[in-house]
>>> print(open('target.cif').read())   # mmCIF, C-alpha atoms
data_structure
loop_
_atom_site.label_atom_id
_atom_site.label_comp_id
_atom_site.auth_asym_id
_atom_site.auth_seq_id
_atom_site.Cartn_x
_atom_site.Cartn_y
_atom_site.Cartn_z
CA MET Q 543 95.82 -65.47 -16.13
CA LYS Q 544 99.35 -64.10 -15.66
CA THR Q 545 98.71 -61.31 -18.20
CA ARG Q 546 95.46 -60.31 -16.46
CA ARG Q 547 97.14 -60.29 -13.06
CA LEU Q 548 100.01 -58.16 -14.42
CA LEU Q 549 97.55 -55.65 -15.88
CA SER Q 550 95.69 -55.47 -12.53
CA LEU Q 551 98.91 -54.74 -10.62
CA LEU Q 552 99.88 -52.07 -13.16
CA LEU Q 553 96.45 -50.37 -12.78
CA ILE Q 554 96.75 -50.37 -8.97
CA ALA Q 555 100.23 -48.78 -9.20
CA LEU Q 556 98.96 -46.06 -11.55
CA LEU Q 557 96.05 -45.27 -9.20
CA ALA Q 558 98.45 -45.05 -6.24
CA LEU Q 559 100.72 -42.67 -8.14
CA SER Q 560 97.74 -40.50 -9.13
CA PHE Q 561 96.48 -40.34 -5.54
CA SER Q 562 100.00 -39.43 -4.33
CA ALA Q 563 100.25 -36.60 -6.89
CA LEU Q 564 96.85 -35.23 -5.88
CA ALA Q 565 97.82 -35.33 -2.22
CA GLU Q 566 100.80 -33.06 -2.74
CA ASN Q 567 100.79 -29.27 -2.76
CA THR Q 568 97.51 -28.65 -0.94
CA LEU Q 569 96.68 -26.08 1.75
CA LYS Q 570 93.25 -25.70 3.34
CA ALA Q 571 92.05 -23.30 6.04
CA SER Q 572 88.75 -22.60 7.81
CA VAL Q 573 87.44 -20.81 10.90
CA GLU Q 574 84.92 -22.77 12.98
CA ASP Q 575 83.81 -22.30 16.60
CA GLY Q 576 86.55 -19.74 17.34
CA VAL Q 577 89.38 -21.96 15.98
CA LEU Q 578 91.45 -21.53 12.80
CA HIS Q 579 91.95 -25.02 11.28
CA VAL Q 580 94.82 -25.48 8.79
CA ILE Q 581 95.65 -28.70 6.87
CA TRP Q 582 98.52 -29.03 4.36
CA SER Q 583 100.49 -31.45 2.22
CA ALA Q 584 103.54 -30.55 0.09
CA GLU Q 585 106.75 -31.89 -1.37
CA PRO Q 586 109.10 -33.57 1.15
CA GLY Q 587 111.16 -31.13 3.18
CA GLU Q 588 110.78 -28.54 5.93
CA CYS Q 589 108.19 -25.77 5.29
CA THR Q 590 107.29 -22.44 6.89
CA LEU Q 591 103.65 -21.84 7.87
CA THR Q 592 102.47 -18.24 8.49
CA LEU Q 593 98.99 -17.33 9.78
CA TYR Q 594 97.58 -13.85 9.06
CA MET Q 595 94.70 -11.79 10.53
CA ASP Q 596 93.48 -8.80 8.49
CA GLY Q 597 96.70 -8.98 6.46
CA TRP Q 598 99.06 -9.01 9.50
CA PRO Q 599 101.14 -12.07 10.51
CA VAL Q 600 100.09 -13.46 13.90
CA LYS Q 601 101.95 -16.80 13.94
CA VAL Q 602 105.04 -18.11 12.12
CA CYS Q 603 106.34 -21.64 12.59
CA ARG Q 604 108.48 -24.32 10.94
CA VAL Q 605 106.47 -27.42 10.03
CA ALA Q 606 106.85 -30.74 8.27
CA ASN Q 607 105.73 -31.12 4.67
CA ALA Q 608 102.36 -32.56 5.78
CA GLY Q 609 100.22 -32.02 8.83
CA SER Q 610 97.52 -29.90 10.48
CA LEU Q 611 97.31 -27.06 13.02
CA ASP Q 612 94.48 -25.66 15.18
CA CYS Q 613 94.94 -22.06 16.36
CA PRO Q 614 92.33 -20.38 18.64
CA VAL Q 615 91.23 -16.95 17.39
CA ALA Q 616 89.88 -14.15 19.60
CA ASP Q 617 87.60 -12.63 16.95
CA ALA Q 618 86.07 -14.99 14.39
CA SER Q 619 84.67 -12.06 12.39
CA ARG Q 620 88.19 -11.09 11.21
CA ALA Q 621 89.63 -12.18 7.87
CA TYR Q 622 92.23 -14.95 8.29
CA PHE Q 623 94.48 -16.70 5.79
CA ALA Q 624 97.41 -19.09 5.83
CA ARG Q 625 100.55 -19.26 3.67
CA LEU Q 626 102.79 -22.33 3.33
CA LYS Q 627 106.29 -21.70 1.97
CA THR Q 628 107.90 -24.81 0.46
CA ALA Q 629 111.15 -25.43 -1.36
CA ASN Q 630 109.34 -24.98 -4.71
CA GLY Q 631 107.01 -22.03 -3.98
CA CYS Q 632 104.13 -20.85 -1.79
CA LEU Q 633 100.53 -21.96 -1.22
CA THR Q 634 97.87 -19.59 0.16
CA ALA Q 635 94.48 -20.48 1.68
CA ILE Q 636 91.87 -17.89 2.66
CA ALA Q 637 89.61 -18.69 5.64
CA ALA Q 638 86.65 -16.31 5.90
CA PRO Q 639 84.53 -16.65 9.10
CA ASN Q 640 82.69 -20.00 9.19
CA SER Q 641 83.68 -20.74 5.59
CA ASN Q 642 84.54 -24.08 4.01
CA PRO Q 643 88.28 -24.71 3.59
CA THR Q 644 89.61 -23.25 0.37
CA SER Q 645 93.00 -23.41 -1.28
CA THR Q 646 94.26 -20.58 -3.48
CA PRO Q 647 97.42 -21.06 -5.59
CA THR Q 648 99.99 -18.28 -5.77
CA PRO Q 649 99.07 -16.17 -8.82
CA VAL Q 650 101.46 -16.22 -11.76
CA PRO Q 651 102.25 -12.74 -13.14
CA THR Q 652 101.21 -12.12 -16.74
CA GLN Q 653 102.77 -9.75 -19.20
CA LYS Q 654 100.67 -6.90 -20.55
CA PRO Q 655 100.43 -7.24 -24.36
CA THR Q 656 102.14 -4.50 -26.37
CA PRO Q 657 99.47 -2.47 -28.17
CA ALA Q 658 99.70 -2.55 -31.97
CA PRO Q 659 100.67 0.81 -33.46
CA THR Q 660 98.00 2.63 -35.43
CA VAL Q 661 98.68 4.54 -38.63
CA GLN Q 662 97.65 8.20 -38.44
CA PRO Q 663 95.96 9.40 -41.67
CA THR Q 664 97.61 12.32 -43.46
CA PRO Q 665 95.47 15.43 -42.78
CA VAL Q 666 94.03 17.26 -45.79
CA PRO Q 667 94.83 21.01 -45.59
CA THR Q 668 91.86 23.31 -45.43
CA GLN Q 669 91.64 27.06 -45.77
CA LYS Q 670 91.05 28.86 -42.51
CA PRO Q 671 88.20 31.36 -42.80
CA THR Q 672 88.85 34.95 -41.82
CA PRO Q 673 87.66 35.23 -38.22
CA VAL Q 674 85.05 37.80 -37.30
CA PRO Q 675 86.27 39.79 -34.29
CA THR Q 676 84.14 39.40 -31.21
CA VAL Q 677 84.20 41.32 -27.98
CA GLN Q 678 85.24 39.09 -25.07
CA PRO Q 679 83.31 39.78 -21.86
CA THR Q 680 85.38 40.66 -18.82
CA PRO Q 681 85.67 37.46 -16.76
CA VAL Q 682 84.39 37.61 -13.21
CA PRO Q 683 86.89 35.95 -10.84
CA THR Q 684 85.46 33.11 -8.79
CA GLN Q 685 86.89 31.49 -5.72
CA LYS Q 686 87.61 27.76 -5.95
CA PRO Q 687 86.02 25.94 -3.02
CA GLU Q 688 88.43 24.19 -0.69
CA PRO Q 689 88.03 20.37 -0.58
CA THR Q 690 86.49 19.13 2.62
CA THR Q 691 86.84 15.75 4.32
CA ALA Q 692 84.70 14.23 7.02
CA PRO Q 693 86.34 14.63 10.44
CA VAL Q 694 87.74 11.47 12.02
CA THR Q 695 86.18 10.70 15.39
CA GLY Q 696 87.75 8.53 18.06
CA SER Q 697 90.03 8.62 21.09
CA THR Q 698 93.71 8.04 21.87
CA GLN Q 699 94.74 5.29 24.29
CA SER Q 700 97.85 6.64 26.02
CA ASP Q 701 98.20 3.59 28.30
CA LEU Q 702 98.43 1.21 25.30
CA ALA Q 703 100.89 3.56 23.58
CA ALA Q 704 103.09 3.48 26.70
CA GLN Q 705 103.00 -0.35 26.68
CA VAL Q 706 104.20 -0.37 23.05
CA VAL Q 707 107.11 1.93 23.98
CA SER Q 708 108.04 -0.35 26.90
CA GLN Q 709 107.93 -3.52 24.78
CA THR Q 710 109.89 -1.83 21.96
CA ASN Q 711 112.69 -0.95 24.38
CA ALA Q 712 112.60 -4.48 25.82
CA GLU Q 713 113.18 -5.92 22.32
CA ARG Q 714 116.05 -3.49 21.76
CA LEU Q 715 117.68 -4.43 25.08
CA LYS Q 716 117.49 -8.12 24.14
CA ALA Q 717 119.30 -7.25 20.90
CA GLY Q 718 121.99 -5.32 22.78
CA LEU Q 719 120.72 -1.89 21.65
CA GLY Q 720 120.03 1.28 23.65
CA GLU Q 721 116.53 2.30 24.72
CA LEU Q 722 114.53 4.87 22.73
CA ARG Q 723 113.46 8.06 24.50
CA VAL Q 724 109.88 9.31 24.10
CA ASP Q 725 109.87 12.47 21.98
CA ALA Q 726 106.99 14.98 22.26
CA GLU Q 727 107.18 16.02 18.59
CA LEU Q 728 107.16 12.41 17.36
CA THR Q 729 104.23 11.63 19.69
CA ARG Q 730 102.27 14.57 18.25
CA ALA Q 731 103.07 13.45 14.69
CA ALA Q 732 102.08 9.83 15.51
CA GLN Q 733 98.68 11.08 16.71
CA VAL Q 734 98.22 12.92 13.38
CA ARG Q 735 99.20 9.83 11.37
CA ALA Q 736 96.89 7.59 13.45
CA ARG Q 737 93.88 9.69 12.39
CA GLU Q 738 95.10 9.69 8.79
CA ILE Q 739 95.35 5.90 8.52
CA VAL Q 740 91.70 5.70 9.59
CA GLN Q 741 90.95 7.48 6.29
CA SER Q 742 93.61 5.65 4.23
CA PHE Q 743 95.59 2.74 5.70
CA SER Q 744 98.84 3.46 3.88
CA HIS Q 745 102.27 5.00 4.28
CA THR Q 746 101.00 7.62 1.81
CA ARG Q 747 99.06 10.42 3.50
CA PRO Q 748 95.46 11.22 2.43
CA ASP Q 749 96.70 14.29 0.49
CA GLY Q 750 99.06 12.09 -1.57
CA SER Q 751 102.30 13.10 0.18
CA SER Q 752 104.76 10.75 1.90
CA TRP Q 753 104.32 9.79 5.55
CA SER Q 754 107.62 11.51 6.38
CA THR Q 755 106.15 14.95 5.66
CA VAL Q 756 104.21 14.73 8.94
CA SER Q 757 107.34 15.88 10.83
CA SER Q 758 110.95 16.74 10.05
CA SER Q 759 111.89 14.66 13.12
CA ALA Q 760 110.45 11.39 11.67
CA TYR Q 761 112.88 8.93 10.02
CA GLY Q 762 110.92 5.66 10.27
CA GLU Q 763 107.30 4.54 10.53
CA ASN Q 764 105.40 1.37 11.52
CA ILE Q 765 101.59 1.20 11.21
CA ALA Q 766 99.02 -1.49 12.06
CA MET Q 767 95.27 -1.87 12.56
CA GLY Q 768 92.93 -4.32 14.24
CA GLN Q 769 95.18 -5.68 17.01
CA GLN Q 770 93.44 -5.37 20.37
CA THR Q 771 96.48 -5.29 22.68
CA ALA Q 772 100.05 -4.00 22.70
CA ASP Q 773 101.29 -7.62 22.91
CA LYS Q 774 99.53 -8.54 19.66
CA VAL Q 775 100.62 -5.51 17.65
CA MET Q 776 104.24 -5.98 18.79
CA ALA Q 777 104.07 -9.67 17.84
CA ALA Q 778 102.81 -8.71 14.36
CA TRP Q 779 105.57 -6.12 13.88
CA MET Q 780 108.36 -8.36 15.17
CA THR Q 781 107.39 -11.16 12.73
CA SER Q 782 107.49 -8.76 9.76
CA GLN Q 783 111.01 -8.05 8.47
CA GLY Q 784 110.58 -4.36 7.60
CA HIS Q 785 108.80 -3.49 10.85
CA ARG Q 786 111.33 -5.48 12.91
CA GLU Q 787 114.22 -3.62 11.25
CA ASN Q 788 112.71 -0.28 12.25
CA ILE Q 789 112.30 -1.40 15.88
CA LEU Q 790 115.89 -2.70 16.06
CA ARG Q 791 117.61 -0.03 13.95
CA PRO Q 792 120.76 1.07 15.85
CA SER Q 793 120.70 4.63 14.44
CA PHE Q 794 117.30 5.41 15.98
CA GLY Q 795 117.30 7.13 19.37
CA SER Q 796 113.75 8.48 19.90
CA ILE Q 797 110.16 7.31 19.46
CA GLY Q 798 106.57 8.52 19.42
CA VAL Q 799 103.61 6.10 19.61
CA CYS Q 800 99.84 6.50 19.27
CA CYS Q 801 96.98 4.02 19.68
CA PHE Q 802 93.78 5.54 18.26
CA VAL Q 803 90.34 3.89 18.55
CA SER Q 804 87.76 4.75 15.89
CA GLY Q 805 84.59 2.78 15.14
CA GLY Q 806 85.67 0.06 17.55
CA VAL Q 807 88.94 -0.57 15.62
CA LYS Q 808 92.39 0.18 17.06
CA TYR Q 809 94.91 1.94 14.80
CA TRP Q 810 98.61 1.89 15.80
CA VAL Q 811 101.50 4.16 14.74
CA GLN Q 812 105.19 4.11 15.69
CA LEU Q 813 107.39 7.00 14.51
CA PHE Q 814 111.17 6.80 15.00
CA GLY Q 815 113.71 9.62 15.16
CA LYS Q 816 117.45 10.12 15.52
#
>>> encode(input="target.cif", output="structure tokens")
Amino acid sequence: MKTRRLLSLLLIALLALSFSALAENTLKASVEDGVLHVIWSAEPGECTLTLYMDGWPVKVCRVANAGSLDCPVADASRAYFARLKTANGCLTAIAAPNSNPTSTPTPVPTQKPTPAPTVQPTPVPTQKPTPVPTVQPTPVPTQKPEPTTAPVTGSTQSDLAAQVVSQTNAERLKAGLGELRVDAELTRAAQVRAREIVQSFSHTRPDGSSWSTVSSSAYGENIAMGQQTADKVMAAWMTSQGHRENILRPSFGSIGVCCFVSGGVKYWVQLFGK
């Protein structure tokens, strides 16, 4: 009887340890009825939870190693995901609209195998026959057609651009920095870049050149897409280290901003100058 009871207690302890191990390092996210639901469990210690919409951070907060969070979303058709940073790594969970909660581990990089060298066969020399002269016809020059791209249609929203300038200067004043003056050349260049990121959302221009070639006055660039208001795009930039550094860079003294609407999507560009 004592041996059987001891074995039963040992089995219960093993099951409890297994359940505890399974409960750790999980992150689940879903969008239902206009609310982003996030549930997590990780190793003991403080963690950082970041929520993203269309690849842009919209909420960053310190959390305990286990818990849940409900965050209302304005547009449930957007792509949302959550990332939990722990002391031992990161967990990522993608939440497509009305999807079941899913948990995606951080991918582990793999090394590309080194290809095995191939032995080139020794060529056998052959005798070259005497060529028979032929008369080459005079080539007719042809003109190479210029590549064409579909024009980008949309409209600029100068009132939203002005709000971004105002909020940028407010953030600089809070940091003890001087305000940026609106520069006409940077504003023109920002309007060009806004149309370009509709074609290719990148700091590389559609022709393959760097963003900085848009104007000799441009020394820094922030871009974004999908945010509906100036408040939301500024919140996304200020929670991203590289974008925040541009906004609060002491050496910058001028700015040009464009908000461009195309196909119902807002595209945002900040260009900074000396």
>>> residues_near_point(input="target.cif", point="(97.9, -30.2, 11.5)", cutoff="12 Å", atoms="only C-alpha atoms", output="list in words")
Leu569, Lys570, Ala571, Leu578, His579, Val580, Ile581, Trp582, Ser583, Leu591, Val605, Ala606, Asn607, Ala608, Gly609, Ser610, Leu611, Asp612 and Cys613 of chain Q
>>> resolve_selection(input="target.cif", expression="the PyMOL selection byres ((chain Q and resi 619) around 12)", output="number ranges by chain")
Q: 573-578, 595-596, 615-618, 620-622, 637-641, 768
>>> residues_around(input="target.cif", residues="range 750-764 of chain Q", least_positions_apart="3", cutoff="10 Å", atoms="all atoms listed in the file", output="ChimeraX atom specification")
/Q:725,727-728,730-732,734-735,738,744-747,779,784-789,791,793-794,796-799,810-816
>>> resolve_selection(input="target.cif", expression="the PyMOL selection byres ((chain Q and resi 626-630) around 7)", output="PDB file with C-alpha atoms, in the frame of the given file")
ATOM      1  CA  CYS Q 589     108.190 -25.770   5.290  1.00  0.00           C
ATOM      2  CA  THR Q 590     107.290 -22.440   6.890  1.00  0.00           C
ATOM      3  CA  LEU Q 591     103.650 -21.840   7.870  1.00  0.00           C
ATOM      4  CA  THR Q 592     102.470 -18.240   8.490  1.00  0.00           C
ATOM      5  CA  ALA Q 624      97.410 -19.090   5.830  1.00  0.00           C
ATOM      6  CA  ARG Q 625     100.550 -19.260   3.670  1.00  0.00           C
ATOM      7  CA  GLY Q 631     107.010 -22.030  -3.980  1.00  0.00           C
ATOM      8  CA  CYS Q 632     104.130 -20.850  -1.790  1.00  0.00           C
ATOM      9  CA  LEU Q 633     100.530 -21.960  -1.220  1.00  0.00           C
ATOM     10  CA  THR Q 634      97.870 -19.590   0.160  1.00  0.00           C
TER      11      THR Q 634
END
>>> closest_residue(input="target.cif", among="Q:Ile636, Q:Ala736, Q:Ala703, Q:Val807", to="Gln770 in chain Q", atoms="all atoms listed in the file")
Q:Val807
>>> closest_residue(input="target.cif", among="Q:Phe743, Q:Met776, Q:Gly597, Q:Gly587", to="Ala712 in chain Q", atoms="only C-alpha atoms")
Q:Met776
>>> closest_residue(input="target.cif", among="Q:Val694, Q:Ala704, Q:Val740, Q:Cys801", to="Gln769 in chain Q", atoms="only C-alpha atoms")
Q:Cys801
>>> residues_near_point(input="target.cif", point="(89.1, 2.6, 19.2)", cutoff="10 Å", atoms="only C-alpha atoms", output="short mmCIF file (atom, residue, chain, number, x, y, z; two decimals) with C-alpha atoms, in the coordinates of the input")
data_model
loop_
_atom_site.label_atom_id
_atom_site.label_comp_id
_atom_site.auth_asym_id
_atom_site.auth_seq_id
_atom_site.Cartn_x
_atom_site.Cartn_y
_atom_site.Cartn_z
CA THR Q 695 86.18 10.70 15.39
CA GLY Q 696 87.75 8.53 18.06
CA SER Q 697 90.03 8.62 21.09
CA THR Q 698 93.71 8.04 21.87
CA GLN Q 699 94.74 5.29 24.29
CA GLY Q 768 92.93 -4.32 14.24
CA GLN Q 770 93.44 -5.37 20.37
CA CYS Q 801 96.98 4.02 19.68
CA PHE Q 802 93.78 5.54 18.26
CA VAL Q 803 90.34 3.89 18.55
CA SER Q 804 87.76 4.75 15.89
CA GLY Q 805 84.59 2.78 15.14
CA GLY Q 806 85.67 0.06 17.55
CA VAL Q 807 88.94 -0.57 15.62
CA LYS Q 808 92.39 0.18 17.06
CA TYR Q 809 94.91 1.94 14.80
#
>>> atom_distance(input="target.cif", atom1="CA of Val706 in chain Q", atom2="CA of Ser742 in chain Q")
22.4 Å
>>> atom_distance(input="target.cif", atom1="CA of Thr771 in chain Q", atom2="CA of Cys800 in chain Q")
12.7 Å
>>> atom_distance(input="target.cif", atom1="CA of Lys774 in chain Q", atom2="CA of Pro792 in chain Q")
23.6 Å
>>> axis_aligned_box(input="target.cif", around="range 744-760 of chain Q", padding_each_side="4 Å", output="AutoDock Vina command-line options")
--center_x 103.7 --center_y 10.1 --center_z 5.8 --size_x 24.4 --size_y 21.3 --size_z 22.7
